[in-house]
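Structure below is data_23.cif: mmCIF, C-alpha atoms.
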```
data_my_file
loop_
_atom_site.label_atom_id
_atom_site.label_comp_id
_atom_site.auth_asym_id
_atom_site.auth_seq_id
_atom_site.Cartn_x
_atom_site.Cartn_y
_atom_site.Cartn_z
CA MET K 1 109.97 24.73 14.45
CA ILE K 2 111.12 25.47 10.91
CA ARG K 3 108.79 28.49 10.85
CA LEU K 4 110.25 29.86 14.06
CA LEU K 5 113.75 29.30 12.74
CA GLN K 6 112.91 31.09 9.49
CA ARG K 7 111.42 33.99 11.41
CA ASP K 8 114.43 34.32 13.70
CA LEU K 9 116.90 34.20 10.82
CA ARG K 10 114.89 36.73 8.86
CA LEU K 11 114.80 38.99 11.92
CA ALA K 12 118.55 38.61 12.37
CA VAL K 13 119.16 39.64 8.77
CA ARG K 14 116.61 42.47 8.72
CA SER K 15 117.59 44.07 12.01
CA GLY K 16 121.15 44.25 10.72
CA GLY K 17 124.24 43.04 12.47
CA GLY K 18 122.65 39.72 13.28
CA PHE K 19 125.58 37.88 11.78
CA GLY K 20 128.05 40.72 12.09
CA LEU K 21 128.36 41.24 15.83
CA ALA K 22 129.95 37.93 16.80
CA LEU K 23 132.12 37.88 13.68
CA ALA K 24 133.40 41.41 14.23
CA PHE K 25 134.21 40.66 17.85
CA PHE K 26 136.07 37.46 16.95
CA LEU K 27 137.98 39.34 14.26
CA ILE K 28 138.96 42.12 16.66
CA VAL K 29 140.19 39.74 19.37
CA VAL K 30 142.28 37.68 16.98
CA ILE K 31 143.74 40.74 15.25
CA LEU K 32 144.61 42.45 18.51
CA VAL K 33 146.34 39.50 20.16
CA PRO K 34 149.48 39.58 17.94
CA PHE K 35 149.84 43.29 18.70
CA GLY K 36 149.64 42.60 22.43
CA VAL K 37 151.82 39.50 22.50
CA GLY K 38 154.46 40.63 20.03
CA PRO K 39 155.49 39.30 16.65
CA GLU K 40 157.44 36.16 17.66
CA ARG K 41 156.05 33.49 15.38
CA GLU K 42 156.76 30.55 17.69
CA ILE K 43 154.87 32.11 20.59
CA LEU K 44 151.93 32.99 18.35
CA ALA K 45 151.80 29.47 16.95
CA ARG K 46 151.81 28.06 20.49
CA ILE K 47 148.97 30.26 21.78
CA ALA K 48 146.91 30.21 18.55
CA PRO K 49 144.62 27.26 19.45
CA GLY K 50 143.73 28.78 22.81
CA VAL K 51 143.22 32.30 21.47
CA LEU K 52 141.01 31.11 18.62
CA TRP K 53 138.86 29.03 20.93
CA VAL K 54 138.59 31.69 23.64
CA GLY K 55 137.74 34.30 21.02
CA ALA K 56 135.02 32.12 19.50
CA LEU K 57 133.61 31.39 22.94
CA LEU K 58 133.43 35.04 23.98
CA ALA K 59 131.93 35.98 20.62
CA CYS K 60 129.19 33.40 21.23
CA LEU K 61 128.55 34.84 24.67
CA LEU K 62 128.08 38.33 23.28
CA SER K 63 124.68 37.80 21.69
CA LEU K 64 123.27 35.32 24.19
CA ASP K 65 121.21 37.69 26.29
CA ARG K 66 119.09 38.47 23.25
CA VAL K 67 118.07 34.86 22.58
CA PHE K 68 114.82 35.18 24.53
CA ALA K 69 114.93 38.81 25.70
CA THR K 70 113.53 40.43 22.55
CA ASP K 71 110.63 37.98 22.41
CA TYR K 72 110.00 38.49 26.11
CA GLU K 73 109.92 42.26 25.81
CA ASP K 74 107.44 42.48 22.94
CA GLY K 75 105.20 39.79 24.40
CA SER K 76 105.71 37.18 21.69
CA LEU K 77 107.27 34.73 24.16
CA GLU K 78 103.98 34.50 26.08
CA LEU K 79 102.08 34.06 22.85
CA LEU K 80 104.55 31.42 21.68
CA ALA K 81 104.10 29.62 24.99
CA THR K 82 100.37 29.35 24.34
CA ALA K 83 100.91 28.21 20.73
CA PRO K 84 100.78 24.52 19.79
CA LEU K 85 104.58 24.41 19.72
CA PRO K 86 106.10 22.69 22.79
CA LEU K 87 108.45 24.97 24.72
CA GLU K 88 111.21 22.38 24.36
CA THR K 89 111.02 22.75 20.59
CA LEU K 90 110.97 26.51 20.94
CA VAL K 91 114.22 26.38 22.94
CA LEU K 92 115.82 24.08 20.38
CA ALA K 93 114.78 26.35 17.50
CA LYS K 94 116.18 29.38 19.32
CA ALA K 95 119.48 27.61 19.99
CA VAL K 96 119.75 26.51 16.37
CA ALA K 97 119.04 30.06 15.18
CA HIS K 98 121.72 31.36 17.54
CA TRP K 99 124.19 28.81 16.23
CA LEU K 100 123.44 29.63 12.61
CA THR K 101 124.01 33.33 13.27
CA THR K 102 127.14 32.96 15.45
CA GLY K 103 128.68 29.47 15.64
CA LEU K 104 128.53 28.69 11.95
CA PRO K 105 130.06 31.98 10.70
CA LEU K 106 132.74 31.72 13.40
CA THR K 107 133.62 28.22 12.25
CA LEU K 108 133.86 29.33 8.64
CA ILE K 109 136.05 32.34 9.32
CA ALA K 110 138.34 30.67 11.89
CA PRO K 111 140.88 29.27 9.35
CA VAL K 112 141.35 32.75 7.87
CA LEU K 113 142.12 34.11 11.30
CA GLY K 114 144.36 31.14 12.01
CA VAL K 115 146.72 32.54 9.39
CA LEU K 116 147.04 35.75 11.39
CA LEU K 117 148.16 33.75 14.42
CA ASN K 118 150.57 31.54 12.47
CA LEU K 119 148.58 28.41 13.32
CA PRO K 120 150.43 25.35 11.95
CA VAL K 121 148.90 24.09 8.70
CA ALA K 122 148.26 20.62 10.17
CA ALA K 123 145.75 22.09 12.66
CA TYR K 124 143.32 23.84 10.28
CA GLY K 125 141.15 20.79 9.72
CA THR K 126 140.90 20.05 13.43
CA LEU K 127 140.19 23.71 14.23
CA MET K 128 137.19 23.77 11.93
CA LEU K 129 136.05 20.34 13.04
CA THR K 130 136.16 21.13 16.76
CA LEU K 131 134.48 24.51 16.26
CA ALA K 132 131.77 22.93 14.16
CA LEU K 133 131.26 20.24 16.82
CA GLY K 134 131.70 22.48 19.87
CA THR K 135 129.84 25.72 19.06
CA PRO K 136 126.39 24.01 19.06
CA ALA K 137 127.06 23.14 22.70
CA LEU K 138 127.90 26.81 23.38
CA SER K 139 124.62 27.93 21.80
CA MET K 140 122.61 25.30 23.66
CA LEU K 141 124.19 26.08 27.04
CA GLY K 142 123.67 29.75 26.30
CA ALA K 143 120.00 29.25 25.48
CA PHE K 144 119.62 27.51 28.83
CA GLY K 145 121.29 30.43 30.61
CA ALA K 146 119.13 32.88 28.69
CA ALA K 147 116.00 30.95 29.68
CA LEU K 148 117.03 31.12 33.33
CA THR K 149 117.57 34.88 33.24
CA VAL K 150 114.84 35.91 30.79
CA GLY K 151 112.67 37.95 33.13
CA LEU K 152 115.53 39.85 34.74
CA LYS K 153 116.51 43.36 33.90
CA ARG K 154 120.24 43.57 33.21
CA GLY K 155 120.33 39.78 33.23
CA GLY K 156 123.37 39.77 30.95
CA LEU K 157 125.88 39.83 33.78
CA LEU K 158 124.21 36.98 35.64
CA LEU K 159 123.91 35.09 32.38
CA SER K 160 127.65 35.34 31.68
CA LEU K 161 128.49 34.23 35.21
CA LEU K 162 126.12 31.27 34.98
CA VAL K 163 127.20 30.16 31.55
CA LEU K 164 130.99 30.65 31.65
CA PRO K 165 131.74 27.72 33.99
CA LEU K 166 129.56 25.51 31.82
CA TYR K 167 131.61 26.54 28.79
CA VAL K 168 134.89 25.43 30.37
CA PRO K 169 134.81 21.71 29.39
CA THR K 170 134.07 22.52 25.74
CA LEU K 171 136.90 25.04 25.74
CA ILE K 172 139.40 22.64 27.34
CA PHE K 173 138.76 19.78 24.93
CA GLY K 174 138.30 22.00 21.87
CA ALA K 175 141.52 23.94 22.37
CA ASP K 176 143.36 20.76 23.39
CA ALA K 177 142.38 19.02 20.16
CA VAL K 178 143.67 21.94 18.09
CA ARG K 179 146.90 22.07 20.13
CA ARG K 180 147.50 18.35 19.64
CA ALA K 181 146.82 18.70 15.93
CA SER K 182 149.41 21.46 15.63
CA ASP K 183 151.94 19.19 17.37
CA VAL K 184 150.91 16.41 14.94
CA LEU K 185 149.57 14.17 17.72
CA PRO K 186 146.40 12.04 17.55
CA VAL K 187 143.27 14.11 18.24
CA THR K 188 140.54 11.48 18.37
CA THR K 189 139.92 11.57 22.13
CA PRO K 190 139.39 15.34 22.64
CA VAL K 191 137.33 15.59 19.43
CA LEU K 192 135.08 12.77 20.61
CA LEU K 193 134.72 14.44 24.00
CA VAL K 194 133.67 17.74 22.38
CA ALA K 195 131.12 15.84 20.31
CA ALA K 196 129.90 14.06 23.45
CA ILE K 197 129.40 17.36 25.28
CA THR K 198 127.39 18.74 22.37
CA LEU K 199 125.20 15.66 22.12
CA GLY K 200 124.66 15.69 25.88
CA THR K 201 123.61 19.34 25.97
CA VAL K 202 121.27 18.95 22.99
CA ALA K 203 119.66 15.93 24.62
CA ILE K 204 119.13 17.39 28.10
CA LEU K 205 119.08 21.17 28.02
CA PRO K 206 115.93 21.82 25.93
CA PHE K 207 113.93 20.25 28.76
CA ALA K 208 115.75 22.16 31.49
CA ALA K 209 115.46 25.45 29.59
CA ALA K 210 111.75 24.90 28.91
CA ALA K 211 111.16 24.30 32.62
CA ALA K 212 113.05 27.52 33.42
CA LEU K 213 110.95 29.44 30.86
CA ARG K 214 107.72 28.12 32.37
CA VAL K 215 108.72 29.42 35.78
CA ASN K 216 109.87 32.77 34.38
CA LEU K 217 106.67 33.29 32.40
CA ARG K 218 104.40 33.10 35.44
CA MET T 1 72.36 22.83 27.43
CA THR T 2 75.45 21.74 25.55
CA THR T 3 78.71 21.19 27.38
CA PRO T 4 80.56 24.43 27.93
CA LEU T 5 83.80 25.14 26.06
CA LEU T 6 85.45 26.45 29.17
CA SER T 7 84.56 25.95 32.80
CA LEU T 8 86.19 27.12 35.98
CA THR T 9 85.44 25.48 39.33
CA SER T 10 86.39 27.39 42.48
CA VAL T 11 89.64 28.58 40.97
CA ALA T 12 92.06 30.65 43.02
CA CYS T 13 94.96 32.52 41.43
CA MET T 14 98.01 34.11 42.94
CA ARG T 15 100.16 37.00 41.90
CA GLY T 16 103.41 37.91 43.62
CA GLY T 17 102.73 35.52 46.48
CA LEU T 18 99.28 36.89 47.30
CA THR T 19 95.98 35.34 46.44
CA VAL T 20 94.15 37.88 44.31
CA LEU T 21 91.12 35.80 43.35
CA GLN T 22 89.41 32.82 44.90
CA ASP T 23 86.35 30.66 44.31
CA VAL T 24 86.03 31.83 40.73
CA THR T 25 83.35 29.65 39.17
CA PHE T 26 81.79 30.23 35.78
CA THR T 27 81.30 28.56 32.44
CA LEU T 28 81.55 29.76 28.90
CA GLY T 29 79.58 28.00 26.18
CA ALA T 30 79.73 28.12 22.40
CA GLY T 31 78.52 31.41 21.00
CA GLN T 32 78.84 33.10 24.35
CA ALA T 33 80.91 36.12 25.35
CA THR T 34 81.73 37.22 28.86
CA ILE T 35 83.09 40.61 29.77
CA LEU T 36 85.35 40.70 32.80
CA ARG T 37 85.05 43.87 34.78
CA GLY T 38 86.80 45.05 37.87
CA PRO T 39 88.98 47.90 39.05
CA ASN T 40 92.71 48.03 38.28
CA GLY T 41 94.60 45.39 40.19
CA SER T 42 91.56 43.23 40.83
CA GLY T 43 93.10 40.29 38.98
CA LYS T 44 91.66 40.36 35.45
CA THR T 45 95.02 39.75 33.80
CA THR T 46 95.97 37.11 36.38
CA LEU T 47 92.72 35.25 35.72
CA LEU T 48 93.20 35.38 31.95
CA ARG T 49 96.81 34.18 32.26
CA THR T 50 95.67 31.32 34.47
CA ILE T 51 93.02 30.35 31.92
CA ALA T 52 95.56 30.56 29.10
CA GLY T 53 97.80 28.17 31.04
CA LEU T 54 100.69 30.57 31.56
CA GLN T 55 100.48 30.14 35.31
CA PRO T 56 98.96 27.37 37.39
CA SER T 57 95.88 27.96 39.52
CA SER T 58 96.61 27.54 43.21
CA GLU T 59 93.24 25.92 43.84
CA GLY T 60 90.38 24.60 41.79
CA GLN T 61 90.30 23.57 38.18
CA VAL T 62 90.22 25.20 34.76
CA SER T 63 88.82 22.77 32.22
CA ALA T 64 88.87 23.32 28.50
CA ALA T 65 89.76 21.18 25.54
CA PRO T 66 93.53 21.12 25.02
CA GLU T 67 94.87 23.82 22.69
CA SER T 68 91.51 25.53 22.38
CA ILE T 69 92.43 28.90 23.86
CA ALA T 70 93.92 31.85 22.01
CA TYR T 71 95.33 34.42 24.39
CA ALA T 72 95.98 38.07 23.59
CA ALA T 73 97.93 40.05 26.14
CA HIS T 74 98.67 43.74 26.60
CA ALA T 75 101.70 43.31 24.35
CA ASP T 76 100.98 42.33 20.78
CA GLY T 77 104.07 40.25 20.10
CA ILE T 78 104.69 41.96 16.78
CA LYS T 79 108.12 41.91 15.16
CA GLY T 80 108.96 45.32 13.80
CA PRO T 81 111.37 44.32 11.03
CA LEU T 82 108.77 41.97 9.49
CA THR T 83 105.87 43.18 7.35
CA VAL T 84 102.25 42.90 8.45
CA ALA T 85 101.68 39.90 6.18
CA GLU T 86 104.87 38.17 7.36
CA ASN T 87 103.88 38.60 10.99
CA LEU T 88 100.51 37.00 10.37
CA GLU T 89 101.92 34.26 8.15
CA PHE T 90 104.31 33.29 10.91
CA TRP T 91 101.50 32.83 13.43
CA ALA T 92 99.28 31.10 10.87
CA GLY T 93 102.08 28.64 10.13
CA LEU T 94 102.75 28.05 13.80
CA PHE T 95 99.10 27.32 14.51
CA GLY T 96 98.84 25.16 11.41
CA THR T 97 96.22 27.24 9.63
CA SER T 98 96.49 28.70 6.18
CA GLY T 99 95.29 31.89 4.62
CA ILE T 100 95.73 35.25 6.27
CA ASP T 101 93.39 37.13 3.94
CA ALA T 102 90.36 36.77 6.19
CA ALA T 103 92.34 38.18 9.11
CA LEU T 104 93.67 41.07 7.02
CA THR T 105 90.19 41.93 5.77
CA GLY T 106 88.62 41.50 9.19
CA PHE T 107 90.83 44.17 10.73
CA ASP T 108 91.12 46.38 7.67
CA LEU T 109 94.82 45.73 7.20
CA VAL T 110 94.80 44.85 3.49
CA ALA T 111 96.25 48.19 2.44
CA LEU T 112 99.02 47.83 5.03
CA ARG T 113 100.01 44.25 4.31
CA HIS T 114 103.44 45.04 2.85
CA ARG T 115 104.28 47.71 5.40
CA ARG T 116 106.94 46.94 8.01
CA ALA T 117 105.25 46.51 11.38
CA GLN T 118 107.60 49.01 13.01
CA ALA T 119 106.12 51.73 10.76
CA LEU T 120 102.58 51.14 12.04
CA SER T 121 100.78 53.41 14.47
CA ALA T 122 99.82 52.12 17.91
CA GLY T 123 96.25 51.46 16.83
CA GLN T 124 97.33 49.70 13.66
CA LYS T 125 99.70 47.51 15.68
CA ARG T 126 96.86 46.64 17.99
CA ARG T 127 94.71 45.67 15.01
CA LEU T 128 97.52 43.46 13.76
CA GLY T 129 97.82 41.90 17.22
CA LEU T 130 94.09 41.15 17.23
CA ALA T 131 94.17 39.85 13.66
CA ARG T 132 96.47 37.13 15.01
CA LEU T 133 93.42 35.68 16.81
CA LEU T 134 91.74 34.98 13.49
CA VAL T 135 94.68 32.95 12.18
CA THR T 136 94.96 30.81 15.33
CA GLY T 137 91.75 28.98 14.47
CA ARG T 138 91.05 28.40 18.16
CA PRO T 139 87.51 28.56 19.56
CA ILE T 140 88.08 30.34 22.88
CA TRP T 141 89.51 33.85 22.87
CA ALA T 142 90.93 35.19 26.13
CA LEU T 143 91.51 38.89 25.54
CA ASP T 144 93.18 41.32 27.88
CA GLU T 145 92.16 44.92 27.22
CA PRO T 146 91.84 44.40 23.46
CA THR T 147 90.61 47.90 22.70
CA VAL T 148 93.56 49.88 24.08
CA SER T 149 94.64 52.55 21.53
CA LEU T 150 91.87 51.62 19.09
CA ASP T 151 89.71 54.43 17.69
CA LYS T 152 85.91 54.25 17.60
CA ALA T 153 85.72 52.78 14.12
CA ALA T 154 88.30 50.12 15.00
CA VAL T 155 86.43 49.24 18.20
CA ALA T 156 83.28 48.72 16.10
CA LEU T 157 85.33 46.62 13.67
CA PHE T 158 86.63 44.54 16.57
CA ALA T 159 83.14 44.08 18.01
CA GLY T 160 81.98 42.89 14.58
CA VAL T 161 84.81 40.36 14.39
CA VAL T 162 83.99 39.04 17.86
CA GLU T 163 80.31 38.70 16.91
CA ALA T 164 81.23 36.79 13.77
CA HIS T 165 83.46 34.53 15.87
CA LEU T 166 80.61 33.88 18.31
CA ALA T 167 78.21 33.17 15.45
CA GLU T 168 80.60 30.45 14.25
CA GLY T 169 80.37 28.73 17.64
CA GLY T 170 83.36 30.36 19.27
CA ALA T 171 83.51 31.96 22.69
CA ALA T 172 85.24 35.02 24.05
CA LEU T 173 86.35 36.17 27.47
CA ILE T 174 87.21 39.85 27.37
CA ALA T 175 88.66 42.04 30.08
CA THR T 176 87.80 45.61 29.22
CA HIS T 177 86.62 48.88 30.72
CA ILE T 178 84.65 50.19 27.77
CA ASP T 179 81.30 49.20 26.34
CA LEU T 180 81.82 47.10 23.22
CA GLY T 181 78.15 46.97 22.30
CA LEU T 182 78.22 43.18 22.36
CA LYS T 183 75.47 40.96 23.63
CA ALA T 184 77.52 39.58 26.46
CA GLU T 185 77.28 38.63 30.08
CA THR T 186 79.22 40.73 32.52
CA LEU T 187 81.25 39.20 35.28
CA ASP T 188 82.44 41.54 37.99
CA ILE T 189 85.50 39.82 39.37
CA SER T 190 85.81 42.05 42.41
CA ALA T 191 83.20 39.65 43.85
CA PHE T 192 85.94 37.01 43.95
CA ALA T 193 88.37 39.02 46.04
CA PRO T 194 89.95 36.83 48.70
CA THR T 195 88.29 36.78 52.09
CA ARG T 196 91.13 35.11 53.90
CA ARG T 197 94.86 35.65 53.69
CA ASP T 198 97.05 32.62 53.47
CA VAL T 199 100.80 32.36 53.57
CA GLN T 200 101.00 28.69 52.69
CA ALA T 201 102.35 29.21 49.18
CA PHE T 202 105.52 30.80 50.41
CA ASP T 203 107.53 29.77 47.35
CA GLU T 204 105.18 31.58 45.02
CA SER T 205 106.56 34.99 45.93
CA PHE T 206 109.93 33.91 44.58
CA LEU T 207 108.64 32.62 41.28
#
```
Is it possible to express this structure as structure tokens?
Amino acid sequence: MIRLLQRDLRLAVRSGGGFGLALAFFLIVVILVPFGVGPEREILARIAPGVLWVGALLACLLSLDRVFATDYEDGSLELLATAPLPLETLVLAKAVAHWLTTGLPLTLIAPVLGVLLNLPVAAYGTLMLTLALGTPALSMLGAFGAALTVGLKRGGLLLSLLVLPLYVPTLIFGADAVRRASDVLPVTTPVLLVAAITLGTVAILPFAAAAALRVNLR
Amino acid sequence: MTTPLLSLTSVACMRGGLTVLQDVTFTLGAGQATILRGPNGSGKTTLLRTIAGLQPSSEGQVSAAPESIAYAAHADGIKGPLTVAENLEFWAGLFGTSGIDAALTGFDLVALRHRRAQALSAGQKRRLGLARLLVTGRPIWALDEPTVSLDKAAVALFAGVVEAHLAEGGAALIATHIDLGLKAETLDISAFAPTRRDVQAFDESFL
């Protein structure tokens, strides 16, 4: 699994833009919102949690269709399926690689972008915490969607439609935690729920995604 | 006779909801190579994929020791941004073997080892794809058209590698249209074309 992870990360770095795409998209969304909404600082502060979370979520979605597609196209997915590595582990490694190239950089850059949206200082810690806890769930759900649509040409559209509803709970609790933090309210419940969603997806989805891959590889 | 490495008993395989092969029965022992022949569309790839475990057989049984089959498809599964050595090291690590030098030497890739795989020619890529077989350390090779885009010298090189593999007690099942010059049995799979049409496996056409 470590080998596969190393290979995927090396590929992401070598092929260029592996880390950049999601980050650039997130940056663009968050920079453009104040221009669209106007410069009132109270309004910006109120919508900041939602905008940051929606931006991070869409940035995650952007690179999902490539999780399995490149390996499927050059035939390595079939060869990986016949390797001693269980498909469940393969899915997990792919999801982790996706998180390291999108979720982690998004989490790290989010506080910087929070400044642009006048996010209250009290919420920075919670923003990073919920993103760090929630983005693994986005990657895992995305890997499941990618496994379902791997053999399809132009599967990206179907993938987004399949995955978006599954992203909603993470978004609701993640953004809610940040909103409560900026109003200086207790955040324990939504943060725990985000963590629960992530743990649930990591526990169940590798098996579901592996089953989907097996069917798609026939 | 020793127990065969691979044996198929009245196997039937499906592709796109249609049975393409049925009652396939043969065995493959250590040191033995079998060449699969048959016209395009006769089910060579489907049979090899069934043997490799990528799709289930609809009838009959494929028996081989677990994790004993190395499969090589039409596509080589090479990552362009990685070098030749990195590609092989990845597969060697995944299959838990060490040392890629034998594979590099076997397919004459030593001079290319630090070249990015995307800069290789089609034949060189193919050689890299076949070199992967040597780092899997698995006894049974199931090869689908291994000689596509190889020149004459490379075909001879490949035949030599297969012979060495057989001499070490391995086995090979090769679907090809050309003469490899191997001492091998030939199996014409058009003999296993289905004689009856069945529509029982309705779901299969949707999978």
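Coordinates place CA of Leu133 (chain T) at a distance of 26.6 Å from CA of Met14 (chain T).
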So which residues touch Asn216 (chain K) within 9 Å, counting all atoms listed in the file, skipping near sequence neighbours fewer than 2 positions away, as a PyMOL selection string?
(chain K and resi 147-151+211-214+218) or (chain T and resi 207)
Which residues are near region 80-88 of chain T? Cut-off 9 Å, all atoms listed in the file, ignore same chain within fewer than 2 positions. Put them as an mmCIF file with C-alpha atoms, keeping the file's coordinate frame.
```cif
data_model
loop_
_atom_site.group_PDB
_atom_site.id
_atom_site.type_symbol
_atom_site.label_atom_id
_atom_site.label_comp_id
_atom_site.auth_asym_id
_atom_site.auth_seq_id
_atom_site.Cartn_x
_atom_site.Cartn_y
_atom_site.Cartn_z
ATOM 1 C CA ARG K 7 111.420 33.990 11.410
ATOM 2 C CA ARG K 10 114.890 36.730 8.860
ATOM 3 C CA LEU K 11 114.800 38.990 11.920
ATOM 4 C CA ARG K 14 116.610 42.470 8.720
ATOM 5 C CA SER K 15 117.590 44.070 12.010
ATOM 6 C CA ILE T 78 104.690 41.960 16.780
ATOM 7 C CA PHE T 90 104.310 33.290 10.910
ATOM 8 C CA TRP T 91 101.500 32.830 13.430
ATOM 9 C CA ALA T 92 99.280 31.100 10.870
ATOM 10 C CA GLY T 93 102.080 28.640 10.130
ATOM 11 C CA ILE T 100 95.730 35.250 6.270
ATOM 12 C CA ALA T 103 92.340 38.180 9.110
ATOM 13 C CA LEU T 104 93.670 41.070 7.020
ATOM 14 C CA LEU T 109 94.820 45.730 7.200
ATOM 15 C CA VAL T 110 94.800 44.850 3.490
ATOM 16 C CA LEU T 112 99.020 47.830 5.030
ATOM 17 C CA ARG T 113 100.010 44.250 4.310
ATOM 18 C CA HIS T 114 103.440 45.040 2.850
ATOM 19 C CA ARG T 115 104.280 47.710 5.400
ATOM 20 C CA ARG T 116 106.940 46.940 8.010
ATOM 21 C CA ALA T 117 105.250 46.510 11.380
ATOM 22 C CA GLN T 118 107.600 49.010 13.010
ATOM 23 C CA ALA T 119 106.120 51.730 10.760
ATOM 24 C CA LEU T 120 102.580 51.140 12.040
ATOM 25 C CA LYS T 125 99.700 47.510 15.680
ATOM 26 C CA LEU T 128 97.520 43.460 13.760
ATOM 27 C CA GLY T 129 97.820 41.900 17.220
ATOM 28 C CA ALA T 131 94.170 39.850 13.660
ATOM 29 C CA ARG T 132 96.470 37.130 15.010
ATOM 30 C CA VAL T 135 94.680 32.950 12.180
#
```
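The gap separating CA of Leu180 (chain T) from CA of Val155 (chain T) is 7.1 Å, in Å to one decimal.
One finds CA of Phe26 (chain T) at 18.7 Å from CA of Gln55 (chain T).
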